[in-house]
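**Q** Pasting protein-v1.csv below, which is CSV, C-alpha atoms and all ligand atoms.
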chain,number,residue,atom,x,y,z
A,24,MET,CA,14.4,-8.9,-3.7
A,25,LYS,CA,15.2,-11.7,-6.2
A,26,GLN,CA,18.8,-12.5,-5.4
A,27,LYS,CA,18.4,-11.8,-1.8
A,28,TRP,CA,17.7,-15.3,-0.5
A,29,ILE,CA,20.6,-16.9,-2.5
A,30,ALA,CA,23.0,-14.2,-1.6
A,31,GLY,CA,21.7,-13.9,1.9
A,32,VAL,CA,22.3,-17.5,2.7
A,33,GLY,CA,26.0,-17.0,2.6
A,34,VAL,CA,25.7,-13.9,4.8
A,35,PHE,CA,23.6,-15.7,7.4
A,36,ALA,CA,25.9,-18.8,7.4
A,37,VAL,CA,28.9,-16.6,8.0
A,38,VAL,CA,27.4,-14.7,10.9
A,39,SER,CA,25.8,-17.5,12.7
A,40,LEU,CA,27.5,-20.8,12.0
A,41,GLY,CA,31.2,-20.9,11.2
A,42,ILE,CA,31.0,-24.6,10.9
A,43,LEU,CA,29.2,-24.7,7.6
A,44,THR,CA,31.2,-25.9,4.7
A,45,ALA,CA,31.2,-24.0,1.5
A,46,SER,CA,29.2,-26.6,-0.3
A,47,GLY,CA,26.7,-26.6,2.6
A,48,PHE,CA,25.3,-23.3,1.7
A,49,GLN,CA,25.8,-23.3,-2.0
A,50,ASN,CA,22.9,-25.6,-2.2
A,51,GLU,CA,24.7,-28.2,-4.3
A,52,LYS,CA,22.9,-31.3,-5.3
A,53,ASP,CA,24.6,-34.2,-3.6
A,54,GLU,CA,24.4,-37.9,-4.3
A,55,LYS,CA,21.5,-38.6,-1.9
A,56,PRO,CA,18.1,-38.4,-3.5
A,57,ARG,CA,16.0,-35.6,-2.0
A,58,ASN,CA,13.3,-37.8,-0.5
A,59,GLU,CA,15.9,-39.6,1.5
A,60,LYS,CA,17.0,-36.5,3.2
A,61,GLU,CA,15.5,-35.8,6.6
A,62,ILE,CA,13.2,-32.9,7.1
A,63,GLN,CA,14.2,-30.7,10.0
A,64,MET,CA,12.0,-28.2,11.9
A,65,TYR,CA,13.4,-24.8,12.8
A,66,SER,CA,11.4,-22.3,14.9
A,67,ASP,CA,12.4,-18.7,15.5
A,68,THR,CA,11.0,-15.4,16.8
A,69,ASP,CA,11.9,-12.1,15.2
A,70,PHE,CA,10.7,-8.5,15.1
A,71,ALA,CA,9.7,-6.8,11.9
A,72,MET,CA,7.0,-4.6,10.5
A,73,ASP,CA,6.4,-3.3,14.0
A,74,THR,CA,5.4,-6.6,15.3
A,75,VAL,CA,6.5,-10.0,16.6
A,76,VAL,CA,7.2,-12.5,13.8
A,77,MET,CA,6.9,-16.2,14.6
A,78,GLU,CA,8.4,-18.6,12.1
A,79,THR,CA,8.3,-22.4,11.9
A,80,LEU,CA,10.1,-23.9,8.9
A,81,TYR,CA,10.4,-27.5,7.7
A,82,THR,CA,13.3,-28.1,5.4
A,83,THR,CA,15.8,-30.7,4.2
A,84,GLY,CA,18.4,-27.8,3.9
A,85,GLU,CA,19.7,-25.1,6.2
A,86,ASP,CA,17.7,-22.9,8.6
A,87,LYS,CA,16.6,-20.0,6.6
A,88,ASN,CA,14.4,-18.3,9.2
A,89,PRO,CA,16.8,-15.4,9.6
A,90,LEU,CA,16.2,-14.5,6.0
A,91,VAL,CA,12.5,-14.2,6.6
A,92,GLY,CA,12.9,-11.3,9.1
A,93,GLU,CA,15.5,-9.7,6.9
A,94,THR,CA,13.2,-9.8,3.9
A,95,LEU,CA,10.3,-8.4,5.9
A,96,ARG,CA,12.4,-5.5,7.2
A,97,GLU,CA,13.6,-4.8,3.7
A,98,VAL,CA,10.0,-4.7,2.4
A,99,GLU,CA,9.2,-2.3,5.1
A,100,GLN,CA,12.1,0.0,4.6
A,101,THR,CA,12.1,0.1,0.8
A,102,LEU,CA,8.4,-0.1,0.1
A,103,LEU,CA,6.0,0.7,2.9
A,104,SER,CA,7.6,2.9,5.6
A,105,TRP,CA,6.1,6.3,6.3
A,106,THR,CA,9.2,7.3,8.3
A,107,ASN,CA,12.0,6.1,6.1
A,108,GLU,CA,12.2,8.9,3.5
A,109,ASN,CA,13.6,6.5,0.9
A,110,SER,CA,10.7,4.2,0.9
A,111,GLN,CA,8.5,4.3,-2.2
A,112,ILE,CA,5.4,5.2,-0.2
A,113,SER,CA,7.2,8.0,1.5
A,114,ARG,CA,8.4,9.4,-1.8
A,115,LEU,CA,4.9,9.2,-3.2
A,116,ASN,CA,3.6,11.0,-0.2
A,117,ARG,CA,6.0,13.9,-0.6
A,118,ALA,CA,5.3,14.4,-4.3
A,119,GLY,CA,2.8,17.2,-3.6
A,120,GLY,CA,0.5,16.3,-6.5
A,121,ALA,CA,3.2,15.5,-9.0
A,122,SER,CA,3.3,12.1,-10.6
A,123,THR,CA,5.9,9.6,-9.5
A,124,GLU,CA,7.2,6.4,-11.1
A,125,VAL,CA,6.9,3.3,-8.9
A,126,SER,CA,8.3,-0.2,-9.2
A,127,SER,CA,6.2,-2.8,-11.0
A,128,GLU,CA,6.0,-4.6,-7.7
A,129,LEU,CA,4.3,-1.6,-6.0
A,130,LEU,CA,2.2,-0.9,-9.0
A,131,GLY,CA,0.8,-4.5,-8.8
A,132,TYR,CA,-0.1,-4.0,-5.1
A,133,LEU,CA,-1.7,-0.6,-5.9
A,134,GLU,CA,-3.9,-2.1,-8.6
A,135,MET,CA,-5.2,-4.8,-6.2
A,136,ILE,CA,-5.7,-2.2,-3.5
A,137,LEU,CA,-7.7,0.2,-5.7
A,138,GLN,CA,-9.8,-2.7,-6.9
A,139,LEU,CA,-10.5,-3.7,-3.3
A,140,ALA,CA,-11.4,-0.1,-2.4
A,141,GLU,CA,-13.9,0.0,-5.3
A,142,ASP,CA,-15.3,-3.5,-4.5
A,143,SER,CA,-15.8,-2.6,-0.9
A,144,LYS,CA,-17.4,0.8,-1.9
A,145,GLY,CA,-14.7,2.6,-0.1
A,146,ALA,CA,-14.8,0.7,3.2
A,147,PHE,CA,-11.2,-0.2,2.5
A,148,ASP,CA,-9.4,3.1,1.9
A,149,PRO,CA,-5.6,3.4,1.8
A,150,THR,CA,-5.6,7.2,2.3
A,151,LEU,CA,-6.4,7.4,5.9
A,152,GLY,CA,-2.9,7.7,7.3
A,153,GLU,CA,-3.1,11.4,8.3
A,154,ILE,CA,-6.4,10.8,10.2
A,155,ILE,CA,-5.0,7.7,12.0
A,156,ARG,CA,-2.1,9.8,13.1
A,157,LEU,CA,-4.4,12.6,14.3
A,158,TRP,CA,-6.0,10.0,16.6
A,159,ASP,CA,-2.6,8.7,17.5
A,160,ILE,CA,-4.3,5.5,18.6
A,161,SER,CA,-1.1,3.5,18.9
A,162,GLY,CA,1.2,6.4,19.7
A,163,GLU,CA,2.2,8.3,22.8
A,164,ASN,CA,-0.7,10.7,23.1
A,165,PRO,CA,-3.9,9.1,21.9
A,166,LYS,CA,-6.8,11.5,22.0
A,167,VAL,CA,-10.2,12.2,20.6
A,168,PRO,CA,-9.6,14.9,18.0
A,169,GLY,CA,-11.9,17.8,17.3
A,170,GLN,CA,-14.6,17.1,14.7
A,171,GLU,CA,-13.3,20.0,12.6
A,172,GLU,CA,-9.8,18.6,12.4
A,173,VAL,CA,-11.2,15.2,11.3
A,174,GLU,CA,-13.4,16.9,8.7
A,175,THR,CA,-10.5,18.9,7.3
A,176,LEU,CA,-8.4,15.8,6.8
A,177,LEU,CA,-11.4,13.9,5.3
A,178,GLN,CA,-11.4,16.5,2.5
A,179,THR,CA,-7.9,15.5,1.3
A,180,SER,CA,-8.4,11.7,1.8
A,181,GLY,CA,-10.3,9.2,-0.4
A,182,TYR,CA,-9.1,6.5,-2.7
A,183,GLU,CA,-10.5,8.2,-5.7
A,184,LYS,CA,-7.7,10.8,-5.3
A,185,ILE,CA,-5.2,8.1,-6.4
A,186,ARG,CA,-4.5,7.9,-10.2
A,187,LEU,CA,-2.5,5.2,-11.9
A,188,GLU,CA,-1.2,5.7,-15.5
A,189,GLY,CA,1.3,3.1,-16.6
A,190,LYS,CA,3.9,3.1,-13.8
A,191,GLN,CA,3.1,6.6,-12.9
A,192,VAL,CA,1.2,7.2,-9.7
A,193,THR,CA,-0.4,10.6,-8.8
A,194,LEU,CA,-1.9,11.5,-5.5
A,195,GLU,CA,-4.0,14.6,-5.4
A,196,GLU,CA,-2.3,17.3,-3.4
A,197,GLY,CA,-2.7,16.7,0.4
A,198,CYS,CA,-3.6,13.0,-0.1
A,199,THR,CA,-1.3,10.4,1.3
A,200,LEU,CA,-1.0,6.6,1.0
A,201,ASP,CA,-1.0,4.4,4.1
A,202,LEU,CA,-0.7,0.7,3.5
A,203,GLY,CA,-0.9,-0.1,7.3
A,204,ALA,CA,-3.9,-2.3,6.8
A,205,ILE,CA,-2.2,-4.6,4.3
A,206,GLY,CA,1.6,-4.3,5.0
A,207,LYS,CA,1.8,-7.5,6.9
A,208,GLY,CA,-0.2,-9.3,4.2
A,209,ILE,CA,2.2,-8.0,1.6
A,210,GLY,CA,5.1,-9.3,3.7
A,211,CYS,CA,3.4,-12.8,3.8
A,212,ASP,CA,3.0,-12.7,0.0
A,213,VAL,CA,6.7,-11.8,-0.5
A,214,ILE,CA,7.9,-14.6,1.7
A,215,ALA,CA,5.5,-17.1,0.0
A,216,GLU,CA,7.0,-16.2,-3.3
A,217,GLU,CA,10.6,-16.6,-2.0
A,218,LEU,CA,9.7,-20.0,-0.5
A,219,GLN,CA,8.6,-21.3,-3.9
A,220,LYS,CA,12.1,-20.8,-5.2
A,221,GLN,CA,13.6,-22.8,-2.3
A,222,GLU,CA,13.2,-26.5,-3.3
A,223,GLU,CA,14.5,-27.8,0.0
A,224,ILE,CA,11.8,-26.0,2.0
A,225,THR,CA,8.8,-28.4,2.4
A,226,GLY,CA,6.6,-26.3,4.7
A,227,MET,CA,6.4,-23.1,6.7
A,228,ILE,CA,4.0,-21.3,9.0
A,229,LEU,CA,4.7,-17.6,9.4
A,230,ASN,CA,2.8,-15.5,11.9
A,231,LEU,CA,3.1,-11.7,12.0
A,232,GLY,CA,1.7,-10.4,15.3
A,233,GLY,CA,-1.1,-12.9,15.3
A,234,SER,CA,-3.0,-10.9,12.8
A,235,SER,CA,-1.4,-12.0,9.5
A,236,VAL,CA,-0.5,-15.6,8.9
A,237,MET,CA,0.9,-17.5,5.9
A,238,ALA,CA,0.8,-21.3,5.5
A,239,TYR,CA,3.1,-22.8,3.0
A,240,GLY,CA,3.5,-26.4,1.9
A,241,GLN,CA,3.0,-29.2,4.4
A,242,LYS,CA,4.0,-30.6,7.7
A,243,PRO,CA,6.0,-33.8,7.5
A,244,ASP,CA,3.1,-35.7,9.2
A,245,GLN,CA,0.6,-34.1,6.7
A,246,SER,CA,-1.5,-32.7,9.6
A,247,GLN,CA,-3.1,-29.3,9.0
A,248,TRP,CA,-1.6,-26.0,9.9
A,249,LYS,CA,-3.6,-24.5,12.8
A,250,VAL,CA,-3.9,-20.8,13.8
A,251,ALA,CA,-5.3,-19.7,17.1
A,252,LEU,CA,-8.0,-17.0,17.1
A,253,THR,CA,-7.7,-14.4,19.9
A,254,ASP,CA,-10.8,-13.7,22.1
A,255,PRO,CA,-11.2,-9.9,21.6
A,256,ARG,CA,-12.5,-9.4,25.1
A,257,ASP,CA,-10.1,-11.7,27.0
A,258,VAL,CA,-7.7,-9.3,28.7
A,259,GLU,CA,-5.3,-12.1,29.1
A,260,GLY,CA,-5.3,-12.7,25.4
A,261,GLY,CA,-6.9,-16.2,25.5
A,262,TYR,CA,-8.1,-17.9,22.4
A,263,LEU,CA,-11.7,-18.5,21.4
A,264,GLY,CA,-11.0,-20.8,18.5
A,265,ALA,CA,-8.6,-22.4,16.1
A,266,ILE,CA,-8.6,-22.2,12.3
A,267,ALA,CA,-7.1,-24.9,10.0
A,268,LEU,CA,-5.1,-23.7,6.9
A,269,LYS,CA,-3.8,-25.6,3.9
A,270,GLY,CA,-0.5,-24.7,2.3
A,271,GLY,CA,-1.0,-21.6,0.0
A,272,GLU,CA,-3.6,-20.1,2.3
A,273,PHE,CA,-3.4,-16.8,4.2
A,274,LEU,CA,-5.3,-15.6,7.2
A,275,ALA,CA,-5.8,-12.1,8.6
A,276,THR,CA,-7.6,-10.7,11.6
A,277,SER,CA,-8.7,-7.2,12.2
A,278,GLY,CA,-10.0,-6.4,15.6
A,279,ASP,CA,-10.9,-3.5,17.9
A,280,TYR,CA,-8.7,-4.9,20.7
A,281,GLU,CA,-5.1,-4.6,19.7
A,282,LYS,CA,-4.7,-0.8,19.2
A,283,TYR,CA,-7.2,1.2,21.2
A,284,PHE,CA,-7.8,3.5,24.1
A,285,MET,CA,-10.9,3.9,26.3
A,286,GLU,CA,-12.5,7.3,27.1
A,287,GLY,CA,-15.9,8.0,28.5
A,288,GLY,CA,-16.7,4.3,28.3
A,289,LYS,CA,-16.1,4.2,24.6
A,290,ARG,CA,-13.5,2.1,22.8
A,291,TYR,CA,-11.5,4.2,20.3
A,292,HIS,CA,-9.7,1.7,18.1
A,293,HIS,CA,-7.7,1.8,14.9
A,294,ILE,CA,-10.1,0.7,12.2
A,295,LEU,CA,-11.8,3.8,10.9
A,296,ASP,CA,-14.9,4.4,8.9
A,297,PRO,CA,-13.6,6.3,5.8
A,298,GLN,CA,-16.9,8.2,5.6
A,299,THR,CA,-16.6,9.7,9.1
A,300,GLY,CA,-13.0,9.4,10.1
A,301,TYR,CA,-14.1,7.9,13.4
A,302,PRO,CA,-13.6,4.3,14.6
A,303,VAL,CA,-16.2,1.8,13.4
A,304,TRP,CA,-18.7,0.9,16.1
A,305,ASN,CA,-21.1,-1.8,14.7
A,306,GLY,CA,-21.0,-4.5,17.4
A,307,LEU,CA,-18.2,-6.5,15.8
A,308,THR,CA,-15.1,-7.1,17.8
A,309,SER,CA,-13.0,-9.0,15.2
A,310,VAL,CA,-13.1,-10.2,11.6
A,311,THR,CA,-10.9,-13.0,10.3
A,312,VAL,CA,-10.5,-13.8,6.6
A,313,VAL,CA,-8.9,-16.7,4.9
A,314,CYS,CA,-8.0,-16.7,1.2
A,315,ASP,CA,-5.2,-17.3,-1.3
A,316,SER,CA,-3.4,-13.9,-1.0
A,317,GLY,CA,-1.8,-12.2,2.0
A,318,LEU,CA,-2.6,-8.8,0.7
A,319,LEU,CA,-6.2,-9.6,0.1
A,320,ALA,CA,-6.8,-11.5,3.3
A,321,ASP,CA,-5.4,-8.5,5.2
A,322,GLY,CA,-7.4,-5.9,3.2
A,323,LEU,CA,-10.6,-7.9,3.3
A,324,SER,CA,-10.5,-8.3,7.1
A,325,THR,CA,-10.3,-4.5,7.4
A,326,ALA,CA,-12.9,-3.9,4.8
A,327,CYS,CA,-15.3,-6.5,6.3
A,328,PHE,CA,-14.9,-5.0,9.7
A,329,VAL,CA,-16.0,-1.6,8.3
A,330,LEU,CA,-18.8,-3.0,6.2
A,331,GLY,CA,-20.4,-5.1,8.9
A,332,MET,CA,-21.5,-8.7,8.4
A,333,GLU,CA,-24.3,-8.3,5.9
A,334,ASP,CA,-22.4,-6.3,3.2
A,335,ALA,CA,-19.2,-8.2,3.9
A,336,LEU,CA,-20.6,-11.5,2.7
A,337,GLU,CA,-20.9,-10.3,-0.9
A,338,LEU,CA,-17.4,-9.1,-0.9
A,339,LEU,CA,-16.0,-12.3,0.6
A,340,GLU,CA,-17.9,-14.3,-2.1
A,341,LYS,CA,-16.4,-12.2,-4.8
A,342,TYR,CA,-12.9,-12.9,-3.5
A,343,ASN,CA,-13.6,-16.6,-2.8
A,344,ALA,CA,-12.7,-16.0,0.8
A,345,ASP,CA,-13.9,-17.4,4.1
A,346,GLY,CA,-14.8,-15.2,7.0
A,347,ALA,CA,-15.4,-15.4,10.8
A,348,PHE,CA,-17.1,-12.5,12.6
A,349,ALA,CA,-16.9,-12.1,16.4
A,350,ASP,CA,-19.3,-9.7,18.1
A,351,GLU,CA,-19.9,-8.0,21.5
A,352,GLU,CA,-22.5,-10.7,22.4
A,353,HIS,CA,-19.9,-13.5,22.1
A,354,ASN,CA,-21.3,-14.9,18.9
A,355,ILE,CA,-19.0,-16.0,16.2
A,356,TYR,CA,-20.6,-16.1,12.8
A,357,LEU,CA,-18.9,-18.3,10.2
A,358,THR,CA,-19.3,-18.6,6.4
A,359,ALA,CA,-19.8,-22.2,5.2
A,360,GLY,CA,-16.1,-22.5,4.2
A,361,MET,CA,-14.9,-21.2,7.5
A,362,GLU,CA,-17.1,-23.5,9.5
A,363,GLU,CA,-15.3,-26.5,8.0
A,364,ARG,CA,-12.0,-25.3,9.2
A,365,PHE,CA,-13.1,-23.8,12.6
A,366,GLU,CA,-12.8,-25.3,16.0
A,367,LEU,CA,-14.4,-23.6,19.0
A,368,LEU,CA,-12.2,-23.5,22.1
A,369,LYS,CA,-14.3,-21.4,24.5
A,370,ASN,CA,-17.8,-22.4,25.5
A,371,THR,CA,-18.6,-18.7,26.4
A,372,TYR,CA,-18.9,-18.2,22.6
A,373,THR,CA,-21.6,-19.5,20.3
A,374,THR,CA,-20.9,-20.3,16.7
A,375,LYS,CA,-23.5,-19.5,14.1
A,376,LEU,CA,-23.5,-20.4,10.4
A,377,LEU,CA,-23.9,-17.7,7.8
A,378,ASN,CA,-25.5,-17.9,4.4
B,401,LIG,P1,-3.3,-4.5,12.1
B,401,LIG,O1,-2.4,-3.7,11.2
B,401,LIG,O2,-3.2,-4.2,13.5
B,401,LIG,O3,-3.2,-5.9,11.8
B,401,LIG,P2,-5.6,-3.9,10.3
B,401,LIG,O4,-5.0,-4.8,9.3
B,401,LIG,O5,-7.0,-3.9,10.6
B,401,LIG,O6,-4.8,-4.1,11.7
B,401,LIG,O7,-5.1,-2.4,9.9
B,401,LIG,C1,-5.4,-1.3,10.6
B,401,LIG,C2,-4.6,-0.1,10.1
B,401,LIG,O8,-5.1,0.2,8.8
B,401,LIG,C3,-4.8,1.1,10.9
B,401,LIG,O9,-3.8,1.2,11.8
B,401,LIG,C4,-4.7,2.2,9.8
B,401,LIG,O10,-3.4,2.5,9.5
B,401,LIG,C5,-5.3,1.6,8.6
B,401,LIG,N1,-6.8,1.7,8.5
B,401,LIG,C6,-7.7,2.1,9.4
B,401,LIG,N2,-8.9,2.1,8.9
B,401,LIG,C7,-8.8,1.7,7.6
B,401,LIG,C8,-9.7,1.5,6.5
B,401,LIG,N3,-11.0,1.7,6.6
B,401,LIG,N4,-9.2,1.2,5.3
B,401,LIG,C9,-7.9,1.0,5.1
B,401,LIG,N5,-6.9,1.1,6.1
B,401,LIG,C10,-7.4,1.5,7.3
B,402,MG,MG,-6.0,-5.7,7.6
Rewrite the coordinates I just gave you, this time as structure tokens.

**A**
Amino acid sequence: MKQKWIAGVGVFAVVSLGILTASGFQNEKDEKPRNEKEIQMYSDTDFAMDTVVMETLYTTGEDKNPLVGETLREVEQTLLSWTNENSQISRLNRAGGASTEVSSELLGYLEMILQLAEDSKGAFDPTLGEIIRLWDISGENPKVPGQEEVETLLQTSGYEKIRLEGKQVTLEEGCTLDLGAIGKGIGCDVIAEELQKQEEITGMILNLGGSSVMAYGQKPDQSQWKVALTDPRDVEGGYLGAIALKGGEFLATSGDYEKYFMEGGKRYHHILDPQTGYPVWNGLTSVTVVCDSGLLADGLSTACFVLGMEDALELLEKYNADGAFADEEHNIYLTAGMEERFELLKNTYTTKLLN
């Protein structure tokens, strides 16, 4: 991914703006000191990682938003995809119990993921892909599967079936990796890393589907980045609150309202209890986490949804993360750190302070 942004700039400039001069995209230092250059804002909407990507960039240089979508699609295709047979995850899943060498990038992610699985006592489990597909919750034919089918798949799932030795990864036969719960968070981390190499970029807010957000740098007026929090029970998608972020912070939300189907008055959604293979029903409707890593924010929001509020608190503390928990009763419980950054937008909700 390293050369991508530098090489990619040329590609983008050629396709979109014939008027750029060669020096314009070679990033040459000109005579004008940097602080005298004006900061421009560029906003864009794209589609990647199965979701709408919203980008707002502040820079003294060119509009590099197109590279963001390009990079995210590349991460998906080369790393995370279940369907592209050349992705690293897909190759691992086809290995049939044999060990496979992975990139140091993926190894780093897997180490964090396994640590999170352990720290959450298995509430976060990256091996539930087959079970999620059995439910087909976001697919064409969502259905409640037979108990036996679920139990059979549970036997081959479980994070303890993943082994790391150096750069070699081994999945026990029948076990597969599904990084669906953290893919967008990884995307945010990769973009944040790229931005750090782009001196002319002073700030960016990147929002993947409303559920994974990266804040980078600052706005020219120094005001805080703000992210809207969806009301899980508002069919029109209204917001219940807003959360302020500083540059370098990441936010993720896991909820029971984006991917689900109703049957017999029950809401079958896409966050599964790894113990049972069934959706989690504990009264929570969404969990939002803020911390300094996209992968961890994303993974923690899923883990905390599964754990429920009480057990989640300890996990959040360990990762130095802030949390907001919305429930069916229209309460929104906030950790102390979250309370400082939270603004209630709907008076049908009541905020309550945790710990
Ligand atoms: P979204 O991807 O919509 O933002 P989440 O981050 O909560 O939502 O991830 C949900 C996805 O994670 C599911 O679609 C499934 O692929 C996977 N998943 C479901 N339950 C778990 C779990 N307990 N641990 C890890 N991944 C899970
Ligand atoms: Mg998540």

**Q** Do you know which residues are at most 10 Å from stretch 179-189 of chain A counting all atoms listed in the file, after dropping those on the same chain fewer than 4 positions away, and could you put them as a ChimeraX atom specification?

**A** /A:120,122-125,127,130,133-134,136-137,140-141,145,147-154,174-175,193-200,297-298,300

**Q** Could you give me, as an MDAnalysis selection string, the residues that have an atom at most 9 Å away from the point (1.4, -7.4, -4.8) in the coordinates of the file, using all atoms listed in the file?

**A** chainID A and resid 128:136 209 212:213 316:318

**Q** At a cut-off of 9 Å and counting all atoms listed in the file, what residues surround ligand MG 402 (chain B)? Please answer as a PDB file with C-alpha atoms, in the frame of the given file.

**A**
ATOM      1  CA  GLY A 203      -0.900  -0.100   7.300  1.00  0.00           C
ATOM      2  CA  ALA A 204      -3.900  -2.300   6.800  1.00  0.00           C
ATOM      3  CA  ILE A 205      -2.200  -4.600   4.300  1.00  0.00           C
ATOM      4  CA  GLY A 206       1.600  -4.300   5.000  1.00  0.00           C
ATOM      5  CA  LYS A 207       1.800  -7.500   6.900  1.00  0.00           C
ATOM      6  CA  GLY A 208      -0.200  -9.300   4.200  1.00  0.00           C
ATOM      7  CA  SER A 234      -3.000 -10.900  12.800  1.00  0.00           C
ATOM      8  CA  SER A 235      -1.400 -12.000   9.500  1.00  0.00           C
ATOM      9  CA  ALA A 275      -5.800 -12.100   8.600  1.00  0.00           C
ATOM     10  CA  THR A 276      -7.600 -10.700  11.600  1.00  0.00           C
ATOM     11  CA  SER A 277      -8.700  -7.200  12.200  1.00  0.00           C
ATOM     12  CA  GLY A 278     -10.000  -6.400  15.600  1.00  0.00           C
ATOM     13  CA  ILE A 294     -10.100   0.700  12.200  1.00  0.00           C
ATOM     14  CA  LEU A 318      -2.600  -8.800   0.700  1.00  0.00           C
ATOM     15  CA  LEU A 319      -6.200  -9.600   0.100  1.00  0.00           C
ATOM     16  CA  ALA A 320      -6.800 -11.500   3.300  1.00  0.00           C
ATOM     17  CA  ASP A 321      -5.400  -8.500   5.200  1.00  0.00           C
ATOM     18  CA  GLY A 322      -7.400  -5.900   3.200  1.00  0.00           C
ATOM     19  CA  LEU A 323     -10.600  -7.900   3.300  1.00  0.00           C
ATOM     20  CA  SER A 324     -10.500  -8.300   7.100  1.00  0.00           C
ATOM     21  CA  THR A 325     -10.300  -4.500   7.400  1.00  0.00           C
ATOM     22  CA  ALA A 326     -12.900  -3.900   4.800  1.00  0.00           C
TER      23      ALA A 326
END

**Q** Counting all atoms listed in the file, which of A:Gln191, A:Asn305, A:Ser143, A:Ser126 gets nearest to ligand LIG 401 (chain B)?

**A**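 With all atoms listed in the file as the atom set, the closest residue is A:Ser143.
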
**Q** Taking 4 positions as the minimum chain separation for residues in the same chain, which residues sit within 9 Å of A:Gln221 when counting only C-alpha atoms? Answer as an NGL selection string.

**A** :A and (28 or 217 or 225)

**Q** Just give me the gap between atom CA of A:Leu336 and atom CA of A:Phe348 in Å, one decimal is fine.

**A** 10.5 Å

**Q** Within 6 Å of A:Tyr239, counting all atoms listed in the file, which residues qualify if same-chain residues fewer than 2 places away don't, as a PyMOL selection string?

**A** chain A and resi 226-227+270-271

**Q** So, counting all atoms listed in the file, which residue among A:Ile155, A:Ala344, A:Ala335, A:Cys314 is closest to ligand LIG 401 (chain B)?

**A** A:Ile155

**Q** Could the residues of stretch 92-197 of chain A that have an atom at most 10 Å from stretch 58-82 of chain A be listed as JSON lines, each with its closest atom pair and the distance in Å to one decimal, counting all atoms listed in the file and ordered by chain and ascending residue number?

**A**
{"residue": "A:Gly92", "atom": "CA", "partner": "A:Ala71", "partner_atom": "CA", "distance": 6.2}
{"residue": "A:Glu93", "atom": "CA", "partner": "A:Ala71", "partner_atom": "CA", "distance": 8.2}
{"residue": "A:Thr94", "atom": "CA", "partner": "A:Ala71", "partner_atom": "CA", "distance": 9.2}
{"residue": "A:Leu95", "atom": "CA", "partner": "A:Ala71", "partner_atom": "CA", "distance": 6.2}
{"residue": "A:Arg96", "atom": "CA", "partner": "A:Ala71", "partner_atom": "CA", "distance": 5.6}
{"residue": "A:Glu97", "atom": "CA", "partner": "A:Ala71", "partner_atom": "CA", "distance": 9.3}
{"residue": "A:Val98", "atom": "CA", "partner": "A:Met72", "partner_atom": "CA", "distance": 8.6}
{"residue": "A:Glu99", "atom": "CA", "partner": "A:Met72", "partner_atom": "CA", "distance": 6.3}
{"residue": "A:Gln100", "atom": "CA", "partner": "A:Met72", "partner_atom": "CA", "distance": 9.1}
{"residue": "A:Leu103", "atom": "CA", "partner": "A:Met72", "partner_atom": "CA", "distance": 9.3}
{"residue": "A:Ser104", "atom": "CA", "partner": "A:Met72", "partner_atom": "CA", "distance": 9.0}

**Q** Could you list, as a count of residues only, every residue within 10 Å of A:Glu281, counting all atoms listed in the file and ignoring same-chain residues fewer than 4 positions away?

**A** 8

**Q** Go through A:Lys249, A:Arg156, A:Arg364, A:Lys190 one by one, measure the shortest atom-to-atom distance of each to ligand LIG 401 (chain B) using all atoms listed in the file, and give the residue with the smallest value.

**A**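 That would be A:Arg156, the residue with the smallest distance to ligand LIG 401 (chain B).
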
**Q** Edge lengths and centre, in Å to one decimal, as lines of an AutoDock Vina configuration file: that's what I need for the box along x, y and z that holds all listed atoms of ligand LIG 401 (chain B) plus 8 Å on each side.

**A**
center_x = -6.7
center_y = -1.7
center_z = 9.3
size_x = 24.6
size_y = 24.4
size_z = 24.4

**Q** Contacts of A:Leu263 at 6 Å or less, counting all atoms listed in the file, minus same-chain residues fewer than 4 places along, as a PDB file with C-alpha atoms, keeping the file's coordinate frame?

**A**
ATOM      1  CA  LEU A 252      -8.000 -17.000  17.100  1.00  0.00           C
ATOM      2  CA  THR A 253      -7.700 -14.400  19.900  1.00  0.00           C
ATOM      3  CA  ASP A 254     -10.800 -13.700  22.100  1.00  0.00           C
ATOM      4  CA  LEU A 368     -12.200 -23.500  22.100  1.00  0.00           C
ATOM      5  CA  LYS A 369     -14.300 -21.400  24.500  1.00  0.00           C
TER       6      LYS A 369
END

**Q** For ligand LIG 401 (chain B), which of A:Thr308, A:Asn164, A:Asn343, A:Asn354 is the closest residue, counting all atoms listed in the file?

**A**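 Ranked by minimum distance to ligand LIG 401 (chain B), first place goes to A:Thr308.
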
**Q** Which of these, A:Leu157, A:Val258, A:Leu218, A:Met285, has the shortest distance to ligand LIG 401 (chain B) once you count all atoms listed in the file?

**A**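 Nearest to ligand LIG 401 (chain B): A:Leu157.
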
**Q** What's the separation between atom CA of A:Ile214 and atom CA of A:Val313, in Å to one decimal place?

**A**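 Answer for the atom CA of A:Ile214 to atom CA of A:Val313 separation: 17.2 Å.
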
**Q** Using only C-alpha atoms and all ligand atoms, which of the listed residues (A:Thr371, A:Gln247, A:Thr358, A:Thr311) sits closest to ligand LIG 401 (chain B)?

**A**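 So, comparing all the options, the nearest one is A:Thr311.
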